[in-house]
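What follows is structure_19.pdb (PDB, C-alpha atoms, pLDDT in the B column).
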MODEL        1
ATOM      1  CA  VAL A 932      18.528  -7.995   3.293  1.00 94.00           C
ATOM      2  CA  VAL A 933      16.384  -5.078   2.083  1.00 95.00           C
ATOM      3  CA  LYS A 934      19.288  -3.622   0.093  1.00 95.00           C
ATOM      4  CA  GLN A 935      20.062  -7.008  -1.486  1.00 95.00           C
ATOM      5  CA  PHE A 936      16.417  -7.421  -2.490  1.00 95.00           C
ATOM      6  CA  ILE A 937      16.280  -3.929  -4.012  1.00 94.00           C
ATOM      7  CA  ASP A 938      19.544  -4.374  -5.892  1.00 92.00           C
ATOM      8  CA  ARG A 939      18.521  -7.745  -7.317  1.00 91.00           C
ATOM      9  CA  ILE A 940      15.017  -6.640  -8.356  1.00 90.00           C
ATOM     10  CA  ASN A 941      16.101  -3.295  -9.820  1.00 84.00           C
ATOM     11  CA  SER A 942      18.933  -4.936 -11.782  1.00 83.00           C
ATOM     12  CA  THR A 943      16.406  -7.168 -13.579  1.00 78.00           C
ATOM     13  CA  ASN A 944      13.825  -4.423 -14.206  1.00 71.00           C
ATOM     14  CA  ASN A 945      13.546  -3.646 -17.925  1.00 69.00           C
ATOM     15  CA  ASP A 946       9.893  -2.527 -17.855  1.00 68.00           C
ATOM     16  CA  SER A 947       9.428   1.239 -18.101  1.00 66.00           C
ATOM     17  CA  ASN A 948       6.034   1.010 -16.325  1.00 65.00           C
ATOM     18  CA  ARG A 949       7.604  -0.489 -13.226  1.00 69.00           C
ATOM     19  CA  LYS A 950       8.885   1.892 -10.617  1.00 75.00           C
ATOM     20  CA  ALA A 951      12.140   1.259  -8.830  1.00 81.00           C
ATOM     21  CA  VAL A 952      11.610  -0.770  -5.671  1.00 89.00           C
ATOM     22  CA  THR A 953      11.698   1.316  -2.502  1.00 91.00           C
ATOM     23  CA  PRO A 954      12.805   0.054   0.919  1.00 94.00           C
ATOM     24  CA  ALA A 955       9.156   0.042   2.069  1.00 90.00           C
ATOM     25  CA  ILE A 956       8.081  -2.153  -0.852  1.00 90.00           C
ATOM     26  CA  ALA A 957      11.072  -4.440  -0.370  1.00 93.00           C
ATOM     27  CA  ALA A 958      10.279  -4.831   3.330  1.00 92.00           C
ATOM     28  CA  ARG A 959       6.645  -5.669   2.517  1.00 89.00           C
ATOM     29  CA  PHE A 960       7.610  -8.564   0.232  1.00 90.00           C
ATOM     30  CA  LEU A 961      10.430  -9.746   2.481  1.00 92.00           C
ATOM     31  CA  LEU A 962       8.167  -9.770   5.523  1.00 88.00           C
ATOM     32  CA  ALA A 963       5.542 -11.759   3.614  1.00 85.00           C
ATOM     33  CA  ARG A 964       8.156 -14.444   2.971  1.00 87.00           C
ATOM     34  CA  LYS A 965       9.924 -14.295   6.341  1.00 87.00           C
ATOM     35  CA  TYR A 966      12.951 -12.506   4.843  1.00 92.00           C
ATOM     36  CA  ASP A 967      13.777 -15.312   2.397  1.00 94.00           C
ATOM     37  CA  ILE A 968      15.115 -13.250  -0.528  1.00 94.00           C
ATOM     38  CA  THR A 969      14.502 -15.899  -3.189  1.00 93.00           C
ATOM     39  CA  ARG A 970      10.890 -16.469  -2.126  1.00 91.00           C
ATOM     40  CA  ALA A 971      10.271 -12.723  -1.698  1.00 92.00           C
ATOM     41  CA  MET A 972      11.633 -12.053  -5.194  1.00 92.00           C
ATOM     42  CA  ALA A 973       9.388 -14.758  -6.661  1.00 90.00           C
ATOM     43  CA  LEU A 974       6.389 -13.219  -4.888  1.00 88.00           C
ATOM     44  CA  TYR A 975       7.312  -9.747  -6.150  1.00 90.00           C
ATOM     45  CA  GLU A 976       7.777 -10.955  -9.734  1.00 89.00           C
ATOM     46  CA  GLN A 977       4.399 -12.751  -9.691  1.00 87.00           C
ATOM     47  CA  HIS A 978       2.774  -9.606  -8.277  1.00 87.00           C
ATOM     48  CA  GLU A 979       4.301  -7.465 -11.018  1.00 87.00           C
ATOM     49  CA  LEU A 980       3.362  -9.976 -13.738  1.00 87.00           C
ATOM     50  CA  ILE A 981      -0.289  -9.773 -12.727  1.00 86.00           C
ATOM     51  CA  ARG A 982      -0.177  -5.979 -12.621  1.00 88.00           C
ATOM     52  CA  GLN A 983       1.347  -5.900 -16.098  1.00 87.00           C
ATOM     53  CA  ARG A 984      -1.030  -8.484 -17.588  1.00 88.00           C
ATOM     54  CA  GLU A 985      -4.118  -6.732 -16.197  1.00 88.00           C
ATOM     55  CA  GLY A 986      -2.934  -3.160 -16.904  1.00 86.00           C
ATOM     56  CA  LEU A 987      -2.806  -2.176 -13.243  1.00 89.00           C
ATOM     57  CA  TYR A 988      -0.238   0.629 -13.478  1.00 85.00           C
ATOM     58  CA  GLY A 989      -0.597   4.379 -13.503  1.00 86.00           C
ATOM     59  CA  PHE A 990      -4.226   4.741 -12.500  1.00 90.00           C
ATOM     60  CA  ASP A 991      -5.635   7.650 -10.503  1.00 94.00           C
ATOM     61  CA  PRO A 992      -8.365   6.945  -7.931  1.00 96.00           C
ATOM     62  CA  LEU A 993      -9.708  10.477  -8.396  1.00 97.00           C
ATOM     63  CA  ASN A 994     -10.455   9.987 -12.101  1.00 96.00           C
ATOM     64  CA  GLU A 995     -13.388   8.215 -13.717  1.00 97.00           C
ATOM     65  CA  PRO A 996     -14.246   5.396 -14.012  1.00 96.00           C
ATOM     66  CA  LEU A 997     -12.143   4.308 -11.015  1.00 97.00           C
ATOM     67  CA  ARG A 998     -13.554   7.011  -8.746  1.00 97.00           C
ATOM     68  CA  ALA A 999     -17.106   5.769  -9.368  1.00 97.00           C
ATOM     69  CA  GLU A1000     -16.004   2.167  -8.819  1.00 97.00           C
ATOM     70  CA  LEU A1001     -14.460   3.017  -5.445  1.00 97.00           C
ATOM     71  CA  GLU A1002     -17.600   4.900  -4.419  1.00 97.00           C
ATOM     72  CA  THR A1003     -19.763   1.795  -4.910  1.00 97.00           C
ATOM     73  CA  GLY A1004     -18.244   0.237  -1.787  1.00 96.00           C
ATOM     74  CA  LYS A1005     -18.168  -3.072  -3.647  1.00 97.00           C
ATOM     75  CA  PHE A1006     -14.678  -3.817  -2.371  1.00 97.00           C
ATOM     76  CA  THR A1007     -13.604  -2.323   0.908  1.00 96.00           C
ATOM     77  CA  ILE A1008     -11.126  -2.791   3.690  1.00 97.00           C
ATOM     78  CA  LEU A1009     -13.129  -2.839   6.920  1.00 97.00           C
ATOM     79  CA  PRO A1010     -11.955  -0.614   9.795  1.00 95.00           C
ATOM     80  CA  GLY A1011     -11.725  -3.503  12.290  1.00 95.00           C
ATOM     81  CA  ARG A1012      -9.462  -6.542  12.390  1.00 97.00           C
ATOM     82  CA  ASP A1013     -10.041 -10.202  13.134  1.00 97.00           C
ATOM     83  CA  ALA A1014      -8.974 -11.835  16.416  1.00 97.00           C
ATOM     84  CA  SER A1015      -5.433 -12.463  15.120  1.00 96.00           C
ATOM     85  CA  GLY A1016      -4.990  -8.848  13.989  1.00 96.00           C
ATOM     86  CA  ALA A1017      -5.493  -9.462  10.275  1.00 95.00           C
ATOM     87  CA  ALA A1018      -7.133  -6.755   8.199  1.00 96.00           C
ATOM     88  CA  ILE A1019     -10.519  -7.690   6.731  1.00 97.00           C
ATOM     89  CA  ALA A1020     -11.290  -7.121   3.053  1.00 96.00           C
ATOM     90  CA  LEU A1021     -14.891  -7.453   1.889  1.00 97.00           C
ATOM     91  CA  PHE A1022     -16.106  -7.938  -1.678  1.00 97.00           C
ATOM     92  CA  THR A1023     -19.881  -7.475  -1.803  1.00 97.00           C
ATOM     93  CA  ALA A1024     -21.019  -9.348  -4.884  1.00 96.00           C
ATOM     94  CA  ASN A1025     -24.535  -7.919  -4.997  1.00 97.00           C
ATOM     95  CA  LEU A1026     -22.975  -4.495  -5.725  1.00 97.00           C
ATOM     96  CA  HIS A1027     -21.142  -5.833  -8.783  1.00 97.00           C
ATOM     97  CA  TYR A1028     -22.770  -5.475 -12.198  1.00 96.00           C
ATOM     98  CA  PRO A1029     -20.474  -7.090 -14.797  1.00 96.00           C
ATOM     99  CA  MET A1030     -22.313  -5.486 -17.696  1.00 95.00           C
ATOM    100  CA  THR A1031     -21.553  -1.951 -16.476  1.00 95.00           C
ATOM    101  CA  VAL A1032     -17.911  -2.116 -15.348  1.00 96.00           C
ATOM    102  CA  THR A1033     -14.781  -3.630 -16.836  1.00 95.00           C
ATOM    103  CA  HIS A1034     -12.552  -6.135 -15.101  1.00 95.00           C
ATOM    104  CA  LYS A1035      -9.725  -3.636 -15.382  1.00 95.00           C
ATOM    105  CA  THR A1036     -11.621  -0.950 -13.463  1.00 96.00           C
ATOM    106  CA  THR A1037     -12.760  -3.364 -10.752  1.00 96.00           C
ATOM    107  CA  LEU A1038      -9.242  -4.775 -10.384  1.00 95.00           C
ATOM    108  CA  GLN A1039      -7.807  -1.253 -10.195  1.00 96.00           C
ATOM    109  CA  GLY A1040     -10.151  -0.557  -7.286  1.00 96.00           C
ATOM    110  CA  VAL A1041      -9.104  -3.760  -5.546  1.00 95.00           C
ATOM    111  CA  VAL A1042      -5.385  -3.127  -6.112  1.00 93.00           C
ATOM    112  CA  TYR A1043      -5.618   0.498  -4.998  1.00 94.00           C
ATOM    113  CA  GLN A1044      -7.273  -0.467  -1.711  1.00 95.00           C
ATOM    114  CA  LEU A1045      -4.976  -3.445  -1.111  1.00 92.00           C
ATOM    115  CA  ASP A1046      -1.918  -1.261  -1.737  1.00 90.00           C
ATOM    116  CA  VAL A1047      -3.164   1.231   0.860  1.00 93.00           C
ATOM    117  CA  ALA A1048      -4.061  -1.528   3.358  1.00 93.00           C
ATOM    118  CA  LEU A1049      -0.651  -3.156   2.955  1.00 89.00           C
ATOM    119  CA  GLN A1050       1.143   0.056   3.905  1.00 90.00           C
ATOM    120  CA  SER A1051       0.227  -0.849   7.485  1.00 92.00           C
ATOM    121  CA  THR A1052       2.975  -2.848   9.172  1.00 88.00           C
ATOM    122  CA  GLU A1053       0.275  -4.510  11.283  1.00 92.00           C
ATOM    123  CA  THR A1054      -1.398  -5.801   8.104  1.00 92.00           C
ATOM    124  CA  GLN A1055       1.964  -6.838   6.675  1.00 87.00           C
ATOM    125  CA  LYS A1056       2.620  -8.939   9.773  1.00 86.00           C
ATOM    126  CA  ALA A1057      -0.878 -10.280  10.548  1.00 91.00           C
ATOM    127  CA  GLY A1058      -2.117 -10.624   6.978  1.00 90.00           C
ATOM    128  CA  LEU A1059      -5.490 -10.056   5.420  1.00 92.00           C
ATOM    129  CA  VAL A1060      -8.735 -12.005   5.550  1.00 95.00           C
ATOM    130  CA  PHE A1061     -10.806 -11.857   2.363  1.00 95.00           C
ATOM    131  CA  ILE A1062     -14.586 -12.246   2.505  1.00 96.00           C
ATOM    132  CA  TYR A1063     -16.533 -12.733  -0.718  1.00 95.00           C
ATOM    133  CA  ASP A1064     -20.083 -11.897   0.370  1.00 96.00           C
ATOM    134  CA  MET A1065     -22.611 -13.393  -2.020  1.00 95.00           C
ATOM    135  CA  SER A1066     -25.680 -12.865   0.182  1.00 96.00           C
ATOM    136  CA  THR A1067     -28.656 -11.430  -1.717  1.00 96.00           C
ATOM    137  CA  SER A1068     -26.679 -11.723  -4.973  1.00 96.00           C
ATOM    138  CA  LYS A1069     -28.288 -12.736  -8.213  1.00 96.00           C
ATOM    139  CA  TYR A1070     -26.784 -14.661 -11.087  1.00 94.00           C
ATOM    140  CA  SER A1071     -26.368 -11.327 -12.915  1.00 94.00           C
ATOM    141  CA  ASN A1072     -23.927 -10.175 -10.187  1.00 94.00           C
ATOM    142  CA  PHE A1073     -21.587 -13.124 -10.559  1.00 93.00           C
ATOM    143  CA  ASP A1074     -18.464 -12.883 -12.727  1.00 93.00           C
ATOM    144  CA  TYR A1075     -16.390 -16.056 -12.598  1.00 94.00           C
ATOM    145  CA  ASP A1076     -13.410 -14.645 -14.527  1.00 94.00           C
ATOM    146  CA  LEU A1077     -13.223 -11.590 -12.272  1.00 94.00           C
ATOM    147  CA  SER A1078     -13.460 -13.796  -9.173  1.00 93.00           C
ATOM    148  CA  GLN A1079     -10.513 -15.851 -10.429  1.00 92.00           C
ATOM    149  CA  LYS A1080      -8.464 -12.705 -11.082  1.00 91.00           C
ATOM    150  CA  ILE A1081      -9.185 -11.304  -7.611  1.00 91.00           C
ATOM    151  CA  LEU A1082      -8.233 -14.593  -5.968  1.00 88.00           C
ATOM    152  CA  THR A1083      -5.014 -14.706  -7.986  1.00 85.00           C
ATOM    153  CA  LEU A1084      -4.205 -11.150  -6.867  1.00 82.00           C
ATOM    154  CA  LEU A1085      -4.778 -12.113  -3.250  1.00 82.00           C
ATOM    155  CA  LYS A1086      -2.729 -15.318  -3.463  1.00 78.00           C
ATOM    156  CA  VAL A1087       0.416 -13.470  -4.488  1.00 63.00           C
ATOM    157  CA  ARG A1088       0.170 -10.718  -1.889  1.00 56.00           C
TER     158      ARG A1088
ENDMDL
END

When written as structure tokens, how does the structure in this file appear?
Amino acid sequence: VVKQFIDRINSTNNDSNRKAVTPAIAARFLLARKYDITRAMALYEQHELIRQREGLYGFDPLNEPLRAELETGKFTILPGRDASGAAIALFTANLHYPMTVTHKTTLQGVVYQLDVALQSTETQKAGLVFIYDMSTSKYSNFDYDLSQKILTLLKVR
């Protein structure tokens, strides 16, 4: 099934920014869709479409401004898991200042951390719980468009 997925995805890849699909990536998408190749391919294509549209390729977490964004702790994967074994992702809205950071940089930070979290087979199987913590936030911390983009990212994972 993994080989079929890889062959089908790579045969339709005409985007130079997209890397060839590895067995680990194929397994991640297949597992998320209970090894249904058609559904896994649709999930993968939606994932790649969002990455392309938002410019979420080829970033380096050690370079500015992404390094500074990651250091804020605004979005983090918590070390514990919920009762069902799902990883817990926390977005702390009161640490977000829309006037000082671009959507692209914030989304790169989210994608980087989600990519790392989803390397865990436990997270691939049990999923991920997302918490959007708005406690002590002010109106100046809220960014509706960014919230929509983050939720869209999470829906296709």

**Item:** Residue nearest A:Thr1054 - candidates A:Thr1031, A:Asp1076, A:Asp1013, A:Ser1068, atoms counted: only C-alpha atoms
**Value:** A:Asp1013

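Reported to one decimal place, the separation of atom CA of A:Asn1025 from atom CA of A:Gln1079 is 17.0 Å.
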
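Using the PyMOL selection byres ((chain A and resi 977-989) around 10) on the file at hand returns these residues: A:Asp946, A:Asn948, A:Arg949, A:Lys950, A:Phe960, A:Ala971, A:Met972, A:Ala973, A:Leu974, A:Tyr975, A:Glu976, A:Phe990, A:Asp991, A:Pro992, A:His1034, A:Lys1035, A:Thr1036, A:Leu1038, A:Gln1039, A:Gly1040, A:Val1042, A:Tyr1043, A:Lys1080, A:Thr1083, A:Leu1084, A:Leu1085, A:Lys1086, A:Val1087, A:Arg1088.
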
**Message:** Given all atoms listed in the file as the basis, pick out the residue of A:Leu997, A:Ala1057, A:Val1047, A:Leu1021 nearest to A:Leu1009.
**Reply:** A:Leu1021

Using all atoms of stretch 984-1000 of chain A that appear in the file, construct an axis-aligned enclosing box with 8 Å of padding on every side and provide its centre coordinates and edge lengths in Å, rounded to one decimal, as AutoDock Vina command-line options.
--center_x -8.7 --center_y 1.0 --center_z -12.8 --size_x 32.9 --size_y 35.0 --size_z 25.7

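Distances here use all atoms listed in the file; by that measure, the residue among A:Thr1067, A:Gln935, A:Thr1033, A:Gln1044 closest to A:Ile1019 is A:Gln1044.
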
**Complete:** re atom CA of A:Ala958 and atom CA of A:Leu1001: distance 27.4 Å

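Running the PyMOL selection byres ((chain A and resi 1049) around 10) on this file leaves A:Ile956, A:Arg959, A:Ala1018, A:Gln1044, A:Leu1045, A:Asp1046, A:Val1047, A:Ala1048, A:Gln1050, A:Ser1051, A:Thr1052, A:Glu1053, A:Thr1054, A:Gln1055, A:Lys1056, A:Gly1058, A:Leu1059, A:Arg1088 selected.
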
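Closest approach to A:Ile940 from the set A:Ala1020, A:Ile968, A:Val1041, A:Leu1077 is made by A:Ile968, with distances taken over only C-alpha atoms.
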
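Across A:Tyr966, A:Phe936, A:Phe1006, A:Tyr1028, the tightest approach to A:Ile1062 is made by A:Phe1006 when counting only C-alpha atoms.
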
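Atom CA of A:Lys965 is found 16.6 Å from atom CA of A:Ala1017.
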